[in-house]
>>> print(open('input-v9.pdb').read())   # PDB, C-alpha atoms and all ligand atoms
ATOM      1  CA  MET A   1       9.948   9.362  -2.411  1.00  0.00           C
ATOM      2  CA  THR A   2       6.996  10.467  -0.364  1.00  0.00           C
ATOM      3  CA  GLN A   3       7.392  12.020   3.063  1.00  0.00           C
ATOM      4  CA  ILE A   4       4.565  10.989   5.382  1.00  0.00           C
ATOM      5  CA  ASP A   5       3.632  13.082   8.405  1.00  0.00           C
ATOM      6  CA  VAL A   6       0.869  11.895  10.676  1.00  0.00           C
ATOM      7  CA  ARG A   7       0.073  14.216  13.591  1.00  0.00           C
ATOM      8  CA  SER A   8      -2.103  13.222  16.536  1.00  0.00           C
ATOM      9  CA  ILE A   9      -4.685  11.371  14.522  1.00  0.00           C
ATOM     10  CA  GLU A  10      -7.708   9.895  16.167  1.00  0.00           C
ATOM     11  CA  MET A  11     -10.404   7.864  14.538  1.00  0.00           C
ATOM     12  CA  LEU A  12     -13.709   7.316  16.263  1.00  0.00           C
ATOM     13  CA  ARG A  13     -16.306   4.887  15.032  1.00  0.00           C
ATOM     14  CA  GLN A  14     -19.868   4.324  16.045  1.00  0.00           C
ATOM     15  CA  THR A  15     -20.538   0.626  16.453  1.00  0.00           C
ATOM     16  CA  GLY A  16     -23.813  -0.613  17.880  1.00  0.00           C
ATOM     17  CA  GLY A  17     -24.574   2.640  19.690  1.00  0.00           C
ATOM     18  CA  GLN A  18     -21.098   2.654  21.192  1.00  0.00           C
ATOM     19  CA  GLN A  19     -18.217   4.867  20.231  1.00  0.00           C
ATOM     20  CA  THR A  20     -14.819   3.219  19.868  1.00  0.00           C
ATOM     21  CA  ARG A  21     -11.460   4.846  19.324  1.00  0.00           C
ATOM     22  CA  ILE A  22      -9.928   2.905  16.485  1.00  0.00           C
ATOM     23  CA  LEU A  23      -6.920   5.229  16.348  1.00  0.00           C
ATOM     24  CA  ALA A  24      -6.109   6.899  19.622  1.00  0.00           C
ATOM     25  CA  GLY A  25      -3.498   9.566  18.990  1.00  0.00           C
ATOM     26  CA  VAL A  26      -1.035   8.368  16.379  1.00  0.00           C
ATOM     27  CA  ASP A  27       2.080  10.361  15.477  1.00  0.00           C
ATOM     28  CA  LEU A  28       4.299   9.013  12.753  1.00  0.00           C
ATOM     29  CA  SER A  29       6.801  10.477  10.324  1.00  0.00           C
ATOM     30  CA  VAL A  30       8.198   8.362   7.532  1.00  0.00           C
ATOM     31  CA  SER A  31      11.040   9.602   5.350  1.00  0.00           C
ATOM     32  CA  PRO A  32      11.267   9.096   1.607  1.00  0.00           C
ATOM     33  CA  GLY A  33      12.629   5.632   0.826  1.00  0.00           C
ATOM     34  CA  GLU A  34      11.921   4.135   4.226  1.00  0.00           C
ATOM     35  CA  PHE A  35      10.494   0.614   4.322  1.00  0.00           C
ATOM     36  CA  VAL A  36       8.214   0.443   7.340  1.00  0.00           C
ATOM     37  CA  ALA A  37       6.629  -2.731   8.661  1.00  0.00           C
ATOM     38  CA  LEU A  38       3.433  -1.976  10.562  1.00  0.00           C
ATOM     39  CA  GLU A  39       2.766  -4.756  13.043  1.00  0.00           C
ATOM     40  CA  GLY A  40       0.240  -5.443  15.764  1.00  0.00           C
ATOM     41  CA  PRO A  41      -2.609  -7.720  16.738  1.00  0.00           C
ATOM     42  CA  SER A  42      -5.786  -8.040  14.731  1.00  0.00           C
ATOM     43  CA  GLY A  43      -8.091  -5.094  15.435  1.00  0.00           C
ATOM     44  CA  ALA A  44      -5.212  -2.796  16.437  1.00  0.00           C
ATOM     45  CA  GLY A  45      -6.106  -0.275  13.727  1.00  0.00           C
ATOM     46  CA  LYS A  46      -3.451  -1.097  11.132  1.00  0.00           C
ATOM     47  CA  THR A  47      -5.785  -1.170   8.131  1.00  0.00           C
ATOM     48  CA  SER A  48      -7.525   1.980   9.375  1.00  0.00           C
ATOM     49  CA  LEU A  49      -4.199   3.793   9.590  1.00  0.00           C
ATOM     50  CA  LEU A  50      -3.244   2.670   6.094  1.00  0.00           C
ATOM     51  CA  SER A  51      -6.605   3.914   4.760  1.00  0.00           C
ATOM     52  CA  CYS A  52      -5.895   7.322   6.294  1.00  0.00           C
ATOM     53  CA  LEU A  53      -2.451   7.402   4.640  1.00  0.00           C
ATOM     54  CA  ALA A  54      -4.071   6.595   1.299  1.00  0.00           C
ATOM     55  CA  GLY A  55      -6.658   9.315   1.818  1.00  0.00           C
ATOM     56  CA  LEU A  56      -9.358   6.652   1.472  1.00  0.00           C
ATOM     57  CA  ASP A  57     -10.547   7.417   4.963  1.00  0.00           C
ATOM     58  CA  ARG A  58     -10.326  10.501   7.109  1.00  0.00           C
ATOM     59  CA  PRO A  59      -9.276  10.636  10.730  1.00  0.00           C
ATOM     60  CA  THR A  60     -11.795  12.237  13.102  1.00  0.00           C
ATOM     61  CA  ARG A  61      -9.031  14.493  14.415  1.00  0.00           C
ATOM     62  CA  GLY A  62      -5.438  15.219  13.505  1.00  0.00           C
ATOM     63  CA  VAL A  63      -3.494  15.649  10.304  1.00  0.00           C
ATOM     64  CA  VAL A  64      -2.197  13.341   7.604  1.00  0.00           C
ATOM     65  CA  ALA A  65       0.231  15.080   5.245  1.00  0.00           C
ATOM     66  CA  LEU A  66       1.976  13.623   2.213  1.00  0.00           C
ATOM     67  CA  ASP A  67       4.963  15.651   1.027  1.00  0.00           C
ATOM     68  CA  GLY A  68       3.763  18.482   3.232  1.00  0.00           C
ATOM     69  CA  VAL A  69       0.260  18.546   1.774  1.00  0.00           C
ATOM     70  CA  ASP A  70      -2.458  18.198   4.399  1.00  0.00           C
ATOM     71  CA  LEU A  71      -4.893  15.704   2.873  1.00  0.00           C
ATOM     72  CA  ARG A  72      -7.830  17.578   4.441  1.00  0.00           C
ATOM     73  CA  THR A  73      -7.166  20.456   2.055  1.00  0.00           C
ATOM     74  CA  LEU A  74      -7.666  18.279  -1.034  1.00  0.00           C
ATOM     75  CA  SER A  75     -10.993  17.781  -2.783  1.00  0.00           C
ATOM     76  CA  PRO A  76     -12.117  14.176  -3.397  1.00  0.00           C
ATOM     77  CA  ARG A  77     -11.094  14.667  -7.016  1.00  0.00           C
ATOM     78  CA  ARG A  78      -7.581  15.835  -6.104  1.00  0.00           C
ATOM     79  CA  LEU A  79      -7.246  12.973  -3.632  1.00  0.00           C
ATOM     80  CA  ALA A  80      -8.197  10.490  -6.335  1.00  0.00           C
ATOM     81  CA  ASP A  81      -5.636  12.137  -8.640  1.00  0.00           C
ATOM     82  CA  LEU A  82      -2.954  11.860  -5.987  1.00  0.00           C
ATOM     83  CA  ARG A  83      -3.727   8.160  -5.551  1.00  0.00           C
ATOM     84  CA  SER A  84      -3.755   7.367  -9.224  1.00  0.00           C
ATOM     85  CA  HIS A  85      -0.518   9.283  -9.869  1.00  0.00           C
ATOM     86  CA  SER A  86       1.688   8.400  -6.983  1.00  0.00           C
ATOM     87  CA  VAL A  87       0.240   5.872  -4.547  1.00  0.00           C
ATOM     88  CA  GLY A  88       0.299   2.116  -5.092  1.00  0.00           C
ATOM     89  CA  LEU A  89      -2.083   0.033  -3.008  1.00  0.00           C
ATOM     90  CA  ILE A  90      -1.546  -3.681  -2.498  1.00  0.00           C
ATOM     91  CA  GLN A  91      -4.101  -5.726  -0.573  1.00  0.00           C
ATOM     92  CA  GLN A  92      -3.863  -9.207   0.907  1.00  0.00           C
ATOM     93  CA  HIS A  93      -5.399 -10.650  -2.276  1.00  0.00           C
ATOM     94  CA  ASP A  94      -7.760  -9.721  -5.113  1.00  0.00           C
ATOM     95  CA  ASN A  95      -5.440  -7.035  -6.434  1.00  0.00           C
ATOM     96  CA  VAL A  96      -6.062  -7.923 -10.048  1.00  0.00           C
ATOM     97  CA  PHE A  97      -9.152  -7.904 -12.220  1.00  0.00           C
ATOM     98  CA  SER A  98      -9.811 -11.369 -13.584  1.00  0.00           C
ATOM     99  CA  SER A  99     -11.366 -10.057 -16.803  1.00  0.00           C
ATOM    100  CA  LEU A 100      -8.197  -8.151 -17.733  1.00  0.00           C
ATOM    101  CA  SER A 101      -4.897  -9.555 -18.932  1.00  0.00           C
ATOM    102  CA  VAL A 102      -1.759  -9.167 -16.839  1.00  0.00           C
ATOM    103  CA  ALA A 103      -0.579  -6.269 -19.032  1.00  0.00           C
ATOM    104  CA  GLU A 104      -3.982  -4.571 -18.825  1.00  0.00           C
ATOM    105  CA  ASN A 105      -3.944  -4.914 -15.051  1.00  0.00           C
ATOM    106  CA  VAL A 106      -0.545  -3.256 -14.940  1.00  0.00           C
ATOM    107  CA  GLU A 107      -1.758  -0.431 -17.157  1.00  0.00           C
ATOM    108  CA  LEU A 108      -4.997   0.135 -15.271  1.00  0.00           C
ATOM    109  CA  PRO A 109      -4.033   3.172 -13.146  1.00  0.00           C
ATOM    110  CA  ALA A 110      -2.766   4.944 -16.276  1.00  0.00           C
ATOM    111  CA  ARG A 111      -6.038   4.114 -18.050  1.00  0.00           C
ATOM    112  CA  ILE A 112      -8.015   5.499 -15.128  1.00  0.00           C
ATOM    113  CA  ARG A 113      -6.151   8.788 -15.590  1.00  0.00           C
ATOM    114  CA  ARG A 114      -7.012   8.526 -19.307  1.00  0.00           C
ATOM    115  CA  GLY A 115      -3.397   7.834 -20.153  1.00  0.00           C
ATOM    116  CA  ARG A 116      -1.550   4.915 -21.674  1.00  0.00           C
ATOM    117  CA  LEU A 117       1.677   3.140 -20.977  1.00  0.00           C
ATOM    118  CA  THR A 118       3.978   2.060 -23.745  1.00  0.00           C
ATOM    119  CA  ARG A 119       4.578  -1.625 -24.321  1.00  0.00           C
ATOM    120  CA  SER A 120       8.133  -1.171 -23.143  1.00  0.00           C
ATOM    121  CA  GLU A 121       7.011   0.497 -19.885  1.00  0.00           C
ATOM    122  CA  ILE A 122       4.665  -2.410 -19.184  1.00  0.00           C
ATOM    123  CA  GLY A 123       7.334  -4.908 -20.265  1.00  0.00           C
ATOM    124  CA  ALA A 124       9.971  -3.347 -18.020  1.00  0.00           C
ATOM    125  CA  ALA A 125       7.668  -3.462 -14.992  1.00  0.00           C
ATOM    126  CA  LEU A 126       6.767  -7.104 -15.677  1.00  0.00           C
ATOM    127  CA  ASP A 127      10.438  -7.856 -16.187  1.00  0.00           C
ATOM    128  CA  ALA A 128      11.226  -6.401 -12.760  1.00  0.00           C
ATOM    129  CA  VAL A 129       8.860  -8.909 -11.137  1.00  0.00           C
ATOM    130  CA  GLY A 130       9.876 -11.836 -13.353  1.00  0.00           C
ATOM    131  CA  LEU A 131       6.641 -11.987 -15.345  1.00  0.00           C
ATOM    132  CA  ARG A 132       7.623 -10.601 -18.731  1.00  0.00           C
ATOM    133  CA  ASP A 133       6.441 -13.704 -20.572  1.00  0.00           C
ATOM    134  CA  ARG A 134       3.016 -13.616 -18.865  1.00  0.00           C
ATOM    135  CA  ALA A 135       1.852 -10.253 -20.220  1.00  0.00           C
ATOM    136  CA  LYS A 136      -1.036 -11.784 -22.148  1.00  0.00           C
ATOM    137  CA  ALA A 137      -2.058 -14.268 -19.459  1.00  0.00           C
ATOM    138  CA  ARG A 138      -5.289 -13.933 -17.473  1.00  0.00           C
ATOM    139  CA  PRO A 139      -4.992 -13.758 -13.671  1.00  0.00           C
ATOM    140  CA  ALA A 140      -6.764 -17.125 -13.368  1.00  0.00           C
ATOM    141  CA  GLU A 141      -3.761 -18.728 -15.077  1.00  0.00           C
ATOM    142  CA  LEU A 142      -1.386 -17.315 -12.451  1.00  0.00           C
ATOM    143  CA  SER A 143      -0.491 -18.510  -8.969  1.00  0.00           C
ATOM    144  CA  GLY A 144      -1.335 -16.385  -5.932  1.00  0.00           C
ATOM    145  CA  GLY A 145       2.291 -15.273  -5.713  1.00  0.00           C
ATOM    146  CA  GLU A 146       2.353 -14.282  -9.369  1.00  0.00           C
ATOM    147  CA  ARG A 147      -0.823 -12.242  -8.907  1.00  0.00           C
ATOM    148  CA  GLN A 148       0.776 -10.365  -6.006  1.00  0.00           C
ATOM    149  CA  ARG A 149       3.779  -9.707  -8.233  1.00  0.00           C
ATOM    150  CA  VAL A 150       1.446  -8.232 -10.857  1.00  0.00           C
ATOM    151  CA  ALA A 151       0.259  -5.817  -8.154  1.00  0.00           C
ATOM    152  CA  VAL A 152       3.892  -4.830  -7.523  1.00  0.00           C
ATOM    153  CA  ALA A 153       4.488  -4.456 -11.277  1.00  0.00           C
ATOM    154  CA  ARG A 154       1.507  -2.113 -11.398  1.00  0.00           C
ATOM    155  CA  CYS A 155       3.139   0.086  -8.734  1.00  0.00           C
ATOM    156  CA  ILE A 156       6.424   0.059 -10.662  1.00  0.00           C
ATOM    157  CA  ALA A 157       4.853   0.866 -14.038  1.00  0.00           C
ATOM    158  CA  ASN A 158       2.817   3.601 -12.442  1.00  0.00           C
ATOM    159  CA  ARG A 159       5.955   5.036 -10.803  1.00  0.00           C
ATOM    160  CA  ALA A 160       4.339   4.960  -7.370  1.00  0.00           C
ATOM    161  CA  ARG A 161       6.183   7.201  -4.925  1.00  0.00           C
ATOM    162  CA  LEU A 162       4.401   5.565  -2.021  1.00  0.00           C
ATOM    163  CA  ILE A 163       3.395   1.907  -1.727  1.00  0.00           C
ATOM    164  CA  LEU A 164       0.859   0.970   0.932  1.00  0.00           C
ATOM    165  CA  ALA A 165       0.606  -2.790   1.304  1.00  0.00           C
ATOM    166  CA  ASP A 166      -1.852  -4.506   3.654  1.00  0.00           C
ATOM    167  CA  GLU A 167      -0.639  -8.001   4.539  1.00  0.00           C
ATOM    168  CA  PRO A 168       0.665  -8.579   0.993  1.00  0.00           C
ATOM    169  CA  THR A 169       2.205 -11.959   1.847  1.00  0.00           C
ATOM    170  CA  GLU A 170      -0.592 -13.270   4.060  1.00  0.00           C
ATOM    171  CA  SER A 171      -1.957 -15.771   1.548  1.00  0.00           C
ATOM    172  CA  LEU A 172       1.415 -16.811   0.087  1.00  0.00           C
ATOM    173  CA  ASP A 173       3.774 -19.664   0.808  1.00  0.00           C
ATOM    174  CA  ARG A 174       7.251 -18.863   2.103  1.00  0.00           C
ATOM    175  CA  ALA A 175       9.010 -18.833  -1.273  1.00  0.00           C
ATOM    176  CA  ASN A 176       6.452 -16.529  -2.874  1.00  0.00           C
ATOM    177  CA  ALA A 177       6.300 -14.328   0.232  1.00  0.00           C
ATOM    178  CA  ARG A 178      10.070 -13.893   0.042  1.00  0.00           C
ATOM    179  CA  GLN A 179       9.872 -12.846  -3.601  1.00  0.00           C
ATOM    180  CA  VAL A 180       7.205 -10.235  -2.916  1.00  0.00           C
ATOM    181  CA  ILE A 181       9.095  -8.846   0.090  1.00  0.00           C
ATOM    182  CA  ALA A 182      12.314  -8.673  -1.933  1.00  0.00           C
ATOM    183  CA  LEU A 183      10.465  -6.692  -4.609  1.00  0.00           C
ATOM    184  CA  LEU A 184       9.051  -4.233  -2.064  1.00  0.00           C
ATOM    185  CA  ARG A 185      12.480  -3.854  -0.532  1.00  0.00           C
ATOM    186  CA  ASP A 186      13.891  -3.182  -3.954  1.00  0.00           C
ATOM    187  CA  GLN A 187      11.321  -0.445  -4.530  1.00  0.00           C
ATOM    188  CA  ALA A 188      12.276   1.167  -1.214  1.00  0.00           C
ATOM    189  CA  ALA A 189      15.960   0.980  -2.194  1.00  0.00           C
ATOM    190  CA  ARG A 190      15.026   2.912  -5.341  1.00  0.00           C
ATOM    191  CA  GLY A 191      13.516   5.648  -3.208  1.00  0.00           C
ATOM    192  CA  CYS A 192       9.881   4.601  -3.012  1.00  0.00           C
ATOM    193  CA  THR A 193       8.404   4.937   0.486  1.00  0.00           C
ATOM    194  CA  VAL A 194       6.851   1.634   1.545  1.00  0.00           C
ATOM    195  CA  VAL A 195       4.472   0.990   4.452  1.00  0.00           C
ATOM    196  CA  MET A 196       3.557  -2.660   4.811  1.00  0.00           C
ATOM    197  CA  VAL A 197       1.158  -4.147   7.332  1.00  0.00           C
ATOM    198  CA  THR A 198       2.292  -7.635   8.242  1.00  0.00           C
ATOM    199  CA  HIS A 199       1.960 -10.447  10.755  1.00  0.00           C
ATOM    200  CA  ASP A 200       4.917 -12.180   9.200  1.00  0.00           C
ATOM    201  CA  GLY A 201       8.044 -11.830  11.316  1.00  0.00           C
ATOM    202  CA  GLU A 202      10.335 -12.619   8.417  1.00  0.00           C
ATOM    203  CA  ALA A 203       8.674  -9.976   6.245  1.00  0.00           C
ATOM    204  CA  ALA A 204       8.897  -7.416   9.042  1.00  0.00           C
ATOM    205  CA  ALA A 205      12.575  -8.207   9.551  1.00  0.00           C
ATOM    206  CA  ALA A 206      13.215  -7.206   5.924  1.00  0.00           C
ATOM    207  CA  ALA A 207      11.933  -3.685   6.624  1.00  0.00           C
ATOM    208  CA  SER A 208      14.203  -0.841   7.703  1.00  0.00           C
ATOM    209  CA  ARG A 209      11.858   0.086  10.511  1.00  0.00           C
ATOM    210  CA  ARG A 210       9.240  -1.769  12.581  1.00  0.00           C
ATOM    211  CA  VAL A 211       6.315   0.133  14.029  1.00  0.00           C
ATOM    212  CA  ARG A 212       3.930  -1.678  16.352  1.00  0.00           C
ATOM    213  CA  LEU A 213       0.343  -0.610  16.834  1.00  0.00           C
ATOM    214  CA  GLU A 214      -1.817  -1.825  19.725  1.00  0.00           C
ATOM    215  CA  GLN A 215      -5.317  -0.575  20.489  1.00  0.00           C
ATOM    216  CA  GLY A 216      -4.917   2.359  18.160  1.00  0.00           C
ATOM    217  CA  GLN A 217      -1.596   3.543  19.552  1.00  0.00           C
ATOM    218  CA  ILE A 218       2.019   3.145  18.550  1.00  0.00           C
ATOM    219  CA  VAL A 219       3.692   1.136  21.281  1.00  0.00           C
ATOM    220  CA  SER A 220       7.091   0.657  19.677  1.00  0.00           C
ATOM    221  CA  ASP A 221       9.064   2.069  16.797  1.00  0.00           C
ATOM    222  CA  LEU A 222      12.382   0.389  16.029  1.00  0.00           C
ATOM    223  CA  ARG A 223      14.907   1.248  13.333  1.00  0.00           C
TER     224      ARG A 223
HETATM  225  N1  LIG B   1     -15.961   0.806   9.175  1.00  0.00           N
HETATM  226  C1  LIG B   1     -15.862   0.438  10.452  1.00  0.00           C
HETATM  227  N2  LIG B   1     -16.872   0.680  11.331  1.00  0.00           N
HETATM  228  C2  LIG B   1     -16.760   0.312  12.620  1.00  0.00           C
HETATM  229  N3  LIG B   1     -15.679  -0.280  13.150  1.00  0.00           N
HETATM  230  C3  LIG B   1     -14.654  -0.546  12.344  1.00  0.00           C
HETATM  231  C4  LIG B   1     -14.671  -0.203  10.963  1.00  0.00           C
HETATM  232  N4  LIG B   1     -13.502  -0.572  10.399  1.00  0.00           N
HETATM  233  C5  LIG B   1     -12.785  -1.131  11.388  1.00  0.00           C
HETATM  234  N5  LIG B   1     -13.470  -1.117  12.551  1.00  0.00           N
HETATM  235  C6  LIG B   1     -12.973  -1.607  13.856  1.00  0.00           C
HETATM  236  O1  LIG B   1     -11.800  -0.886  14.127  1.00  0.00           O
HETATM  237  C7  LIG B   1     -10.833  -1.701  14.762  1.00  0.00           C
HETATM  238  C8  LIG B   1      -9.537  -1.668  13.961  1.00  0.00           C
HETATM  239  O2  LIG B   1      -9.773  -2.291  12.696  1.00  0.00           O
HETATM  240  P1  LIG B   1      -8.619  -2.448  11.616  1.00  0.00           P
HETATM  241  O3  LIG B   1      -8.055  -1.118  11.312  1.00  0.00           O
HETATM  242  O4  LIG B   1      -9.196  -3.229  10.510  1.00  0.00           O
HETATM  243  O5  LIG B   1      -7.554  -3.304  12.436  1.00  0.00           O
HETATM  244  P2  LIG B   1      -6.365  -4.254  11.935  1.00  0.00           P
HETATM  245  O6  LIG B   1      -6.126  -3.976  10.499  1.00  0.00           O
HETATM  246  O7  LIG B   1      -5.212  -3.882  12.808  1.00  0.00           O
HETATM  247  O8  LIG B   1      -6.807  -5.645  12.197  1.00  0.00           O
HETATM  248  C9  LIG B   1     -11.439  -3.076  14.877  1.00  0.00           C
HETATM  249  O9  LIG B   1     -11.949  -3.211  16.186  1.00  0.00           O
HETATM  250  C10 LIG B   1     -12.556  -3.056  13.845  1.00  0.00           C
HETATM  251  O10 LIG B   1     -13.592  -3.903  14.243  1.00  0.00           O
HETATM  252 MG    MG B   2      -6.178  -5.198   8.832  1.00  0.00          MG
END
>>> encode(input="input-v9.pdb", output="structure tokens", more="lines below")
Ligand SMILES: Nc1ncnc2c1ncn2[C@@H]1O[C@H](COP(=O)(O)OP(=O)(O)O)[C@@H](O)[C@H]1O
Ligand SMILES: [Mg+2]
Amino acid sequence: MTQIDVRSIEMLRQTGGQQTRILAGVDLSVSPGEFVALEGPSGAGKTSLLSCLAGLDRPTRGVVALDGVDLRTLSPRRLADLRSHSVGLIQQHDNVFSSLSVAENVELPARIRRGRLTRSEIGAALDAVGLRDRAKARPAELSGGERQRVAVARCIANRARLILADEPTESLDRANARQVIALLRDQAARGCTVVMVTHDGEAAAAASRRVRLEQGQIVSDLR
């Protein structure tokens, strides 16, 4: 449901006395409900771009706007609010806290905002990812694929309007990867905007749009 507008962003980093352009003029608009696969070689700047979209990092130049709001105009507090209310982040692995149960992991963003979810909200989200009967389990009792599905359930329960996933299927076998991709696709079909970094051709093919980044620049954008 989130409209993303990235305008001419550049990101410069100082590494070992040398300045490198990690993002070198990126323009990208993503409409609500689009499912974008962000592809490109290692070091291309994919994770950096995702961090800018999440407001976790700031470009050196240029604008990132979510639903027309320029992220530069938001205080750190408001940015954190925006993330906890409407953005779901999914990393390659380690998305769940091992000391919390599955249900507690799903509820975590609500807890961070000092809210609660009802049992039925948590149950419905776990149901959507096929893990209803694992609510009380600890992450250590789950497979890698199940843990990634908990991360998706967290986005669902939290009603994320934007899901930013960084190589979410990288550490999964084919069958589990397919399940996770199908769930992300489902979220996009329900109107959630999804941007997923991936090296997996099959995962990228499931997206409605494929954007390729090389050396900090978009080199192709196919719908
Ligand atoms: N915090 C940082 N400081 C310096 N250089 C960084 C930092 N983060 C990433 N880089 C460099 O920026 C480039 C792009 O990194 P990244 O966005 O992680 O690429 P990708 O996700 O496409 O592999 C790489 O050359 C990486 O070494
Ligand atoms: Mg990366």
>>> closest_residue(input="input-v9.pdb", among="A:Leu49, A:Ala135, A:Ala182, A:Ala175", to="ligand MG 2 (chain B)", atoms="only C-alpha atoms and all ligand atoms")
A:Leu49
>>> atom_distance(input="input-v9.pdb", atom1="CA of Pro139 in chain A", atom2="CA of Glu39 in chain A")
29.2 Å
>>> residues_around(input="input-v9.pdb", residues="Ser29 in chain A", least_positions_apart="5", cutoff="10 Å", atoms="all atoms listed in the file", output="VMD selection string")
chain A and resid 3 to 7 64 to 66
>>> closest_residue(input="input-v9.pdb", among="A:Asn105, A:Thr169, A:Gln91, A:Gln179", to="ligand MG 2 (chain B)", atoms="only C-alpha atoms and all ligand atoms")
A:Gln91
>>> atom_distance(input="input-v9.pdb", atom1="CA of Ser101 in chain A", atom2="CA of Arg134 in chain A")
8.9 Å
>>> axis_aligned_box(input="input-v9.pdb", around="ligand LIG 1 (chain B)", padding_each_side="5 Å", output="AutoDock Vina command-line options")
--center_x -11.0 --center_y -2.4 --center_z 12.7 --size_x 21.7 --size_y 16.5 --size_z 17.0
>>> resolve_selection(input="input-v9.pdb", expression="the PyMOL selection byres (((chain A and resi 187) around 12) and not hetatm)", output="PyMOL selection string")
chain A and resi 1+32-35+88+125+128-129+152-153+155-157+159-164+180-186+188-195+207
>>> resolve_selection(input="input-v9.pdb", expression="the PyMOL selection byres (((not hetatm)) within 7 of (chain B and resi 1))", output="list in words")
Arg13, Gln14, Thr15, Ile22, Gly40, Pro41, Ser42, Gly43, Ala44, Gly45, Lys46, Thr47, Ser48 and Leu49 of chain A
>>> residues_near_point(input="input-v9.pdb", point="(-5.9, -7.8, -3.5)", cutoff="12 Å", atoms="all atoms listed in the file", output="list in words")
Gly88, Leu89, Ile90, Gln91, Gln92, His93, Asp94, Asn95, Val96, Phe97, Ser98, Pro139, Gly144, Gly145, Arg147, Gln148, Arg149, Val150, Ala151, Val152, Leu164, Ala165, Asp166, Glu167, Pro168, Thr169, Glu170 and Ser171 of chain A
>>> closest_residue(input="input-v9.pdb", among="A:Leu12, A:Leu38, A:Ala110, A:Ala204", to="ligand MG 2 (chain B)", atoms="all atoms listed in the file")
A:Leu38
>>> closest_residue(input="input-v9.pdb", among="A:Gln217, A:Thr2, A:Ser51, A:Gln18", to="ligand MG 2 (chain B)", atoms="only C-alpha atoms and all ligand atoms")
A:Ser51
>>> residues_around(input="input-v9.pdb", residues="Gly115 in chain A", least_positions_apart="4", cutoff="12 Å", atoms="all atoms listed in the file", output="VMD selection string")
chain A and resid 84 to 85 107 to 111 158
>>> atom_distance(input="input-v9.pdb", atom1="atom MG of ligand MG 2 (chain B)", atom2="CA of Ile9 in chain A")
17.6 Å
